[in-house]
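One file, upload_37.cif, carrying mmCIF, C-alpha atoms:
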```cif
data_input
loop_
_atom_site.label_atom_id
_atom_site.label_comp_id
_atom_site.auth_asym_id
_atom_site.auth_seq_id
_atom_site.Cartn_x
_atom_site.Cartn_y
_atom_site.Cartn_z
CA MET A 1 349.03 10.79 -73.44
CA SER A 2 347.65 12.53 -70.40
CA VAL A 3 346.09 10.70 -67.46
CA GLN A 4 342.70 12.15 -68.41
CA GLU A 5 343.01 10.89 -72.00
CA ARG A 6 344.04 7.44 -70.78
CA LYS A 7 341.06 7.28 -68.40
CA GLN A 8 338.69 8.33 -71.18
CA ARG A 9 340.16 5.68 -73.51
CA GLU A 10 339.84 2.99 -70.82
CA ARG A 11 336.27 4.04 -70.09
CA ALA A 12 335.37 3.84 -73.80
CA GLU A 13 337.01 0.39 -74.03
CA ARG A 14 335.03 -0.85 -71.00
CA GLU A 15 331.82 0.47 -72.53
CA ARG A 16 332.56 -1.31 -75.84
CA LEU A 17 333.29 -4.50 -73.88
CA ILE A 18 329.99 -4.26 -72.00
CA VAL A 19 328.02 -3.73 -75.22
CA ALA A 20 329.85 -6.49 -77.10
CA THR A 21 329.38 -8.93 -74.22
CA ALA A 22 325.67 -8.09 -73.89
CA ARG A 23 325.23 -8.54 -77.60
CA GLU A 24 327.06 -11.87 -77.61
CA LEU A 25 325.10 -13.17 -74.64
CA ALA A 26 321.79 -12.04 -76.17
CA GLU A 27 322.60 -13.69 -79.51
CA GLN A 28 323.54 -16.94 -77.74
CA GLN A 29 320.86 -17.15 -75.05
CA GLY A 30 318.33 -14.37 -75.65
CA TRP A 31 317.83 -11.02 -73.95
CA ASP A 32 316.39 -12.59 -70.81
CA ALA A 33 319.87 -13.99 -70.12
CA VAL A 34 321.40 -10.50 -70.19
CA THR A 35 321.58 -9.25 -66.62
CA THR A 36 324.01 -6.84 -65.03
CA ARG A 37 325.17 -9.63 -62.71
CA ARG A 38 325.92 -11.94 -65.60
CA LEU A 39 327.60 -9.19 -67.60
CA ALA A 40 329.76 -8.25 -64.63
CA GLU A 41 330.85 -11.87 -64.25
CA ARG A 42 331.64 -12.24 -67.95
CA ILE A 43 333.67 -9.06 -68.29
CA GLU A 44 335.24 -9.45 -64.84
CA TYR A 45 334.18 -6.09 -63.50
CA SER A 46 331.87 -5.33 -60.61
CA GLN A 47 328.23 -4.42 -61.10
CA PRO A 48 328.89 -0.85 -59.90
CA VAL A 49 331.37 -0.48 -62.79
CA LEU A 50 328.60 -1.48 -65.22
CA TYR A 51 326.25 1.00 -63.58
CA SER A 52 328.86 3.73 -64.00
CA HIS A 53 328.43 3.25 -67.77
CA PHE A 54 324.76 2.27 -68.08
CA ARG A 55 321.89 2.81 -65.65
CA GLY A 56 320.58 -0.64 -66.43
CA LYS A 57 319.64 -3.19 -69.03
CA ARG A 58 317.41 -0.74 -70.92
CA GLU A 59 320.38 1.52 -71.70
CA ILE A 60 322.50 -1.48 -72.68
CA ILE A 61 319.76 -2.56 -75.11
CA GLY A 62 319.74 1.00 -76.47
CA ALA A 63 323.52 0.92 -77.00
CA VAL A 64 323.24 -2.40 -78.84
CA ALA A 65 320.42 -0.94 -80.96
CA LEU A 66 322.51 2.07 -81.94
CA GLU A 67 325.45 -0.15 -82.86
CA GLY A 68 323.13 -2.38 -84.87
CA ALA A 69 321.58 0.58 -86.68
CA ALA A 70 325.02 1.77 -87.76
CA GLU A 71 325.89 -1.73 -88.99
CA MET A 72 322.59 -2.07 -90.83
CA ALA A 73 323.01 1.31 -92.54
CA ALA A 74 326.50 0.34 -93.71
CA ALA A 75 325.27 -3.04 -94.99
CA LEU A 76 322.34 -1.46 -96.85
CA ARG A 77 324.55 1.15 -98.49
CA ALA A 78 327.14 -1.42 -99.50
CA ALA A 79 324.49 -3.67 -101.05
CA THR A 80 322.70 -0.90 -102.92
CA SER A 81 325.85 0.82 -104.17
CA ALA A 82 326.87 -2.40 -105.94
CA ALA A 83 323.61 -2.45 -107.94
CA ASP A 84 323.37 -0.60 -111.24
CA ARG A 85 319.59 -0.22 -111.69
CA PRO A 86 316.73 0.88 -109.42
CA ARG A 87 315.14 -2.58 -109.40
CA THR A 88 318.35 -4.34 -108.46
CA ARG A 89 319.05 -1.70 -105.78
CA VAL A 90 315.62 -2.12 -104.17
CA THR A 91 315.87 -5.91 -104.36
CA ALA A 92 319.36 -5.77 -102.80
CA LEU A 93 318.05 -3.43 -100.11
CA ALA A 94 315.19 -5.77 -99.16
CA ARG A 95 317.39 -8.88 -99.18
CA THR A 96 320.12 -7.21 -97.16
CA TYR A 97 317.59 -6.00 -94.60
CA LEU A 98 316.13 -9.50 -94.25
CA ASP A 99 319.59 -11.08 -94.11
CA PHE A 100 320.72 -8.63 -91.41
CA ALA A 101 317.69 -9.47 -89.28
CA GLU A 102 318.21 -13.20 -89.75
CA ARG A 103 321.94 -13.09 -88.94
CA ASN A 104 321.51 -10.75 -85.94
CA PRO A 105 318.20 -11.61 -84.26
CA ALA A 106 319.08 -10.21 -80.83
CA VAL A 107 320.42 -6.99 -82.33
CA TYR A 108 317.31 -6.70 -84.49
CA ASP A 109 315.17 -7.18 -81.39
CA ALA A 110 317.14 -4.46 -79.60
CA MET A 111 316.58 -2.14 -82.55
CA PHE A 112 312.87 -2.74 -83.12
CA GLN A 113 311.23 -4.98 -80.53
CA LEU A 114 312.66 -4.09 -77.11
CA ASP A 115 312.60 -0.88 -75.11
CA GLY A 116 316.05 0.62 -75.34
CA GLY A 117 314.85 4.06 -74.33
CA LEU A 118 315.43 5.44 -77.83
CA ALA A 119 313.15 7.90 -79.58
CA PHE A 120 312.16 7.10 -83.15
CA ALA A 121 310.82 9.67 -85.61
CA HIS A 122 311.48 12.64 -83.33
CA GLU A 123 313.90 15.54 -83.30
CA ASP A 124 315.90 13.83 -80.56
CA THR A 125 316.19 10.53 -82.43
CA PRO A 126 319.84 9.43 -82.15
CA GLU A 127 321.93 9.83 -85.32
CA PRO A 128 322.52 6.10 -85.95
CA LEU A 129 318.75 5.55 -86.13
CA LYS A 130 318.29 8.53 -88.43
CA ASP A 131 321.13 7.27 -90.60
CA ALA A 132 319.63 3.77 -90.88
CA PHE A 133 316.39 5.32 -92.11
CA ALA A 134 318.38 7.57 -94.45
CA ALA A 135 320.03 4.47 -95.93
CA LEU A 136 316.57 3.15 -96.78
CA LEU A 137 315.39 6.50 -98.10
CA GLU A 138 318.44 6.96 -100.34
CA CYS A 139 317.46 3.86 -102.27
CA LEU A 140 313.68 4.00 -102.05
CA GLY A 141 313.23 7.71 -102.68
CA GLU A 142 314.07 7.23 -106.35
CA VAL A 143 311.26 4.67 -106.83
CA ALA A 144 308.52 6.23 -104.71
CA GLY A 145 306.58 7.33 -107.77
CA ASP A 146 305.00 10.55 -108.89
CA GLY A 147 303.06 12.36 -106.21
CA VAL A 148 304.23 9.99 -103.45
CA HIS A 149 306.25 11.48 -100.61
CA PRO A 150 309.59 9.58 -100.55
CA GLY A 151 309.70 9.46 -96.75
CA LEU A 152 306.19 8.05 -96.52
CA PHE A 153 306.93 5.47 -99.22
CA THR A 154 310.10 4.47 -97.32
CA GLU A 155 308.09 4.03 -94.11
CA VAL A 156 305.60 1.74 -95.85
CA PHE A 157 308.32 -0.31 -97.54
CA TRP A 158 310.22 -0.54 -94.23
CA ALA A 159 307.02 -1.67 -92.49
CA ALA A 160 306.58 -4.37 -95.13
CA VAL A 161 310.10 -5.81 -94.77
CA HIS A 162 309.87 -5.54 -90.99
CA GLY A 163 306.60 -7.45 -91.17
CA LEU A 164 308.29 -10.15 -93.24
CA VAL A 165 311.04 -10.43 -90.63
CA THR A 166 308.62 -10.57 -87.73
CA LEU A 167 306.18 -13.03 -89.28
CA THR A 168 308.91 -15.34 -90.59
CA ARG A 169 310.71 -15.39 -87.23
CA ALA A 170 307.43 -16.17 -85.46
CA GLY A 171 306.84 -19.13 -87.77
CA ARG A 172 303.79 -17.46 -89.33
CA LEU A 173 305.35 -17.51 -92.81
CA PRO A 174 307.31 -20.40 -94.32
CA PRO A 175 310.97 -19.36 -94.57
CA GLY A 176 311.52 -20.90 -98.01
CA ASP A 177 309.47 -18.29 -99.86
CA THR A 178 311.47 -15.23 -98.81
CA GLY A 179 312.86 -14.61 -102.29
CA LEU A 180 309.39 -14.73 -103.82
CA ARG A 181 308.10 -12.30 -101.21
CA VAL A 182 310.93 -9.87 -101.98
CA GLU A 183 310.16 -10.05 -105.71
CA LEU A 184 306.47 -9.44 -105.05
CA LEU A 185 307.28 -6.53 -102.76
CA VAL A 186 309.54 -4.96 -105.38
CA ASP A 187 307.08 -5.61 -108.22
CA ARG A 188 303.93 -4.40 -106.49
CA LEU A 189 305.02 -1.86 -103.92
CA ALA A 190 307.95 -0.29 -105.70
CA LYS A 191 306.38 -0.90 -109.14
CA ILE A 192 309.72 -1.23 -110.90
#
```

Please express the file's structure as structure tokens.
Amino acid sequence: MSVQERKQRERAERERLIVATARELAEQQGWDAVTTRRLAERIEYSQPVLYSHFRGKREIIGAVALEGAAEMAAALRAATSAADRPRTRVTALARTYLDFAERNPAVYDAMFQLDGGLAFAHEDTPEPLKDAFAALLECLGEVAGDGVHPGLFTEVFWAAVHGLVTLTRAGRLPPGDTGLRVELLVDRLAKI
């Protein structure tokens, strides 16, 4: 291995460590606890080393969001591929989405609530974000209905499950009725 390859590998490892540490700290104490000073202390590197990878917290949030989007896409595909009918696929999709958000609140916030400097719904949208939407579309496109654009239907369904996440986390909806909400969403919105 050349010196250049070793340096690139070490740089990539440091970047993964920074992102993993930020994610862990955010999940434990919230995003307000994630500062470059604290991250530098936890990973035992200086702040300038962090700044050589990320210009600041915003970029770190963006990196966590991209990692989370890739994880969510994989989870959605795994859940829907195990289902044998459209209804069970859509139900699995909604439940997996809600479960992901519940298990990873800080990552979910990085993806959809915080400014990570990422463009959504644009040509320059990063691939992990496009792929997470594609994972939704792959399942929902088949149930959009006649005359309904599959992408538009996916956006509306996504908005509905995101709303369930947001309202439940804010204490606006009782958490015990999540299964009933998913069934209603599948019955009424997906009409399957």

So which residues touch A:Leu25 within 12 Å, counting only C-alpha atoms, skipping near sequence neighbours fewer than 4 positions away, as a PyMOL selection string?
chain A and resi 17-21+29-36+38-39+41-43+61+64+105-107

Enter the distance from atom CA of A:Glu67 to atom CA of A:Met111, in Å, rounded to one decimal.
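If I compute the distance from atom CA of A:Glu67 to atom CA of A:Met111, I get 9.1 Å.
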
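If all atoms listed in the file are the atoms counted, then among A:Leu66, A:Ala135, A:Glu15, A:Gly141 the closest residue to A:Phe120 is A:Leu66.
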
Atom CA of A:Ser2 to atom CA of A:Arg55: how many Å, to one decimal?
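Answer for the atom CA of A:Ser2 to atom CA of A:Arg55 separation: 27.9 Å.
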
List the spatial neighbours of stretch 155-170 of chain A as an MDAnalysis selection string - criterion: any atom at most 10 Å away, all atoms listed in the file, same-chain residues fewer than 6 positions off excluded.
chainID A and resid 93:95 97:102 105 108:109 112:113 133 136:137 140 144 176:178 181:182 185:186 189:190

How would the residues just picked look written out with C-alpha atoms as a PDB file, in the frame of the given file?
```
ATOM      1  CA  LEU A  93     318.050  -3.430-100.110  1.00  0.00           C
ATOM      2  CA  ALA A  94     315.190  -5.770 -99.160  1.00  0.00           C
ATOM      3  CA  ARG A  95     317.390  -8.880 -99.180  1.00  0.00           C
ATOM      4  CA  TYR A  97     317.590  -6.000 -94.600  1.00  0.00           C
ATOM      5  CA  LEU A  98     316.130  -9.500 -94.250  1.00  0.00           C
ATOM      6  CA  ASP A  99     319.590 -11.080 -94.110  1.00  0.00           C
ATOM      7  CA  PHE A 100     320.720  -8.630 -91.410  1.00  0.00           C
ATOM      8  CA  ALA A 101     317.690  -9.470 -89.280  1.00  0.00           C
ATOM      9  CA  GLU A 102     318.210 -13.200 -89.750  1.00  0.00           C
ATOM     10  CA  PRO A 105     318.200 -11.610 -84.260  1.00  0.00           C
ATOM     11  CA  TYR A 108     317.310  -6.700 -84.490  1.00  0.00           C
ATOM     12  CA  ASP A 109     315.170  -7.180 -81.390  1.00  0.00           C
ATOM     13  CA  PHE A 112     312.870  -2.740 -83.120  1.00  0.00           C
ATOM     14  CA  GLN A 113     311.230  -4.980 -80.530  1.00  0.00           C
ATOM     15  CA  PHE A 133     316.390   5.320 -92.110  1.00  0.00           C
ATOM     16  CA  LEU A 136     316.570   3.150 -96.780  1.00  0.00           C
ATOM     17  CA  LEU A 137     315.390   6.500 -98.100  1.00  0.00           C
ATOM     18  CA  LEU A 140     313.680   4.000-102.050  1.00  0.00           C
ATOM     19  CA  ALA A 144     308.520   6.230-104.710  1.00  0.00           C
ATOM     20  CA  GLY A 176     311.520 -20.900 -98.010  1.00  0.00           C
ATOM     21  CA  ASP A 177     309.470 -18.290 -99.860  1.00  0.00           C
ATOM     22  CA  THR A 178     311.470 -15.230 -98.810  1.00  0.00           C
ATOM     23  CA  ARG A 181     308.100 -12.300-101.210  1.00  0.00           C
ATOM     24  CA  VAL A 182     310.930  -9.870-101.980  1.00  0.00           C
ATOM     25  CA  LEU A 185     307.280  -6.530-102.760  1.00  0.00           C
ATOM     26  CA  VAL A 186     309.540  -4.960-105.380  1.00  0.00           C
ATOM     27  CA  LEU A 189     305.020  -1.860-103.920  1.00  0.00           C
ATOM     28  CA  ALA A 190     307.950  -0.290-105.700  1.00  0.00           C
TER      29      ALA A 190
END
```

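Straight-line separation from atom CA of A:Thr125 to atom CA of A:Arg58: 16.2 Å.
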
Counting all atoms listed in the file, figure out which residue out of A:Leu180, A:Cys139, A:Val148, A:Met1 gets nearest to A:Ala82.
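Once distances to A:Ala82 are computed over all atoms listed in the file, the minimum belongs to A:Cys139.
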
Between A:Leu129, A:Val143, A:Ala22, A:Ala92, which one has atoms that come closest to A:Leu50, using all atoms listed in the file?
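Checking each candidate against A:Leu50, we get A:Ala22 as the closest.
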
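Closest to A:Val49 among A:Arg11, A:Leu184, A:Gly179, A:Arg89 is A:Arg11, based on all atoms listed in the file.
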
Go through A:Glu24, A:Asp187, A:Glu13, A:Asp131 and flag the residue nearest A:Val90, using all atoms listed in the file for the distances.
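Among the listed residues, the smallest separation from A:Val90 belongs to A:Asp187.
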
Measuring between only C-alpha atoms, which one of A:Lys191, A:Pro175, A:Glu5, A:Gly117 shows the shortest distance to A:Asp146?
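Of the candidates, the smallest distance to A:Asp146 is held by A:Lys191.
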